[in-house]
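Below is one structure, written out as structure tokens; comments come after it.
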Amino acid sequence: MSDIGDWFRSIPAITRYWFAATVAVPLVGKLGLISPAYFFLWPEAFLYRFQIWRPITATFYFPVGPGTGFLYLVNLYFLYQYSTRLETGAFDGRPADYLFMLLFNWICIVITGLAMDMQLLMIPLIMSVLYVWAQLNRDMIVSFWFGTRFKACYLPWVILGFNYIIGGSVINELIGNLVGHLYFFLMFRYPMDLGGRNFLSTPQFLISECHPMWRFLYRAVNTKQAKDLSGLQLHLDFRTDRPRRVVSKTGHWQQHRHPSASQMGTQNLPAPCESLQGN
């Protein structure tokens, strides 16, 4: 049990709480402690009965059963892998920016869910995070099942097809990819690559609230784990050829460009998809 506890505490803070909620809420519904009917996003109940918790519970709930258990576990794995990579890679040391990305994607998915009567939002949010990671590391070579190899930018669409085979639907994955593309375009591609206006910026209250909490949580991590993780962050961070925003010591936003993936080499990773191992 101590090994599981150490592993859980090694997960970055935001990903850790997201992962825990995505395990706890389905478990509560499975055990019957609360009726799963209260977890779904039903537009009528949310808009007219003022059951305002439904967008939140629909984000974490998934009906786990004999026919859906494998799909749930696969997407839980994707949540852990790619949220961890983003939080410790492109968003390293910037928890407010990562939290803002999740909030922006979540709000877009909730609005889409209400308009399209999507009752569960877990998969779209996970896919939106995976899409952003894939675009920030688009030239990395990844391995999938059966030894297939391709660039990371194609990974969201490969997973869309994979989930269709095991789940029978692509709407959730498609919505997640589109929302992830919207965030990536507005935050990175349009202002940085196309020289356009920056439409998205992290609210100041998130920055002021997250930085003290982040310092406290970081000190709580074992020193050896922190050193190992910091080396991994540096490795993953330099795998993208896209510029990213960083906060200087004076608190001002700056931009810099990493060496391209072709200059740094590629990474071959085991199935079912890439792991956190370096070369």
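Each chain in the structure tokens gets a letter, A, B, ..., in the order shown, and its residues are numbered from 1; ligands are numbered from 1 in order too.
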
Alpha helix (DSSP H) positions in segment 101-154 of chain A, given as a VMD selection string: chain A and resid 101 to 116 122 to 136

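The list of residues with at least one atom within 12 Å of Val28 of chain A, based on only C-alpha atoms and without residues fewer than 3 positions apart in the same chain, reads Ala21, Thr22, Val23, Ala24, Val25, Leu31, Gly32, Leu33, Ile34, Ser35, Pro36, Ala37, Tyr38, Phe39, Thr57, Phe60, Tyr61, Phe62, Pro63 and Val64 of chain A.
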
Best match for closeness to Ile207 of chain A among A:Pro95, A:Phe8, A:Pro26, A:Ala20, counting only C-alpha atoms: A:Pro95

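Across A:Leu71, A:Val132, A:Ile14, A:Ala115, the tightest approach to Leu182 of chain A is made by A:Val132 when counting only C-alpha atoms.
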
Contact residues around Cys153 of chain A with only C-alpha atoms at 6 Å, ignoring same-chain residues under 4 positions, as a VMD selection string: chain A and resid 134 to 135 138

Write the selection just made, keeping C-alpha atoms, as a short mmCIF file (atom, residue, chain, number, x, y, z; two decimals), in the first residue's frame?
data_model
loop_
_atom_site.label_atom_id
_atom_site.label_comp_id
_atom_site.auth_asym_id
_atom_site.auth_seq_id
_atom_site.Cartn_x
_atom_site.Cartn_y
_atom_site.Cartn_z
CA ALA A 134 -0.26 16.12 -29.11
CA GLN A 135 -0.11 19.53 -30.81
CA ARG A 138 3.39 17.15 -32.82
#

Pairwise distance for atom CA of Ile109 of chain A and atom CA of Gly176 of chain A, rounded to one decimal in Å: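 The value is 7.5 Å.
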
Selection near Asn163 of chain A, 10 Å with only C-alpha atoms, sequence-local residues under 4 positions removed, as a count of residues only: 12

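Between atom CA of Phe146 of chain A and atom CA of Tyr77 of chain A lies a distance of 18.0 Å.
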
Residue neighbourhood Gln119 of chain A, 7 Å, only C-alpha atoms, exclusion window fewer than 6 positions, as a list of chain:residue names: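 Near Gln119 of chain A, the qualifying residues are A:Phe40, A:Leu41, A:Trp42, A:Ala58, A:Gly113.
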
Distance in Å - atom CA of Leu174 of chain A versus atom CA of Leu125 of chain A: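 Here the two named atoms are 10.8 Å from each other.
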
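Within segment 105-170 of chain A, DSSP applied to the backbone places the following residues in strand (DSSP E or B): Ile141, Val142, Ser143, Arg149, Phe150 and Lys151 of chain A.
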
File dump, residues just selected, C-alpha atoms, as a short mmCIF file (atom, residue, chain, number, x, y, z; two decimals), in the first residue's frame:
data_model
loop_
_atom_site.label_atom_id
_atom_site.label_comp_id
_atom_site.auth_asym_id
_atom_site.auth_seq_id
_atom_site.Cartn_x
_atom_site.Cartn_y
_atom_site.Cartn_z
CA ILE A 141 7.21 9.76 -32.97
CA VAL A 142 4.90 7.66 -30.79
CA SER A 143 4.10 3.97 -30.76
CA ARG A 149 4.29 4.32 -35.25
CA PHE A 150 3.26 7.81 -36.24
CA LYS A 151 3.68 11.47 -35.28
#

Nearest-residue call for Pro203 of chain A, choices A:Phe162, A:Gly180, A:Met140, A:Leu99, using only C-alpha atoms: A:Leu99
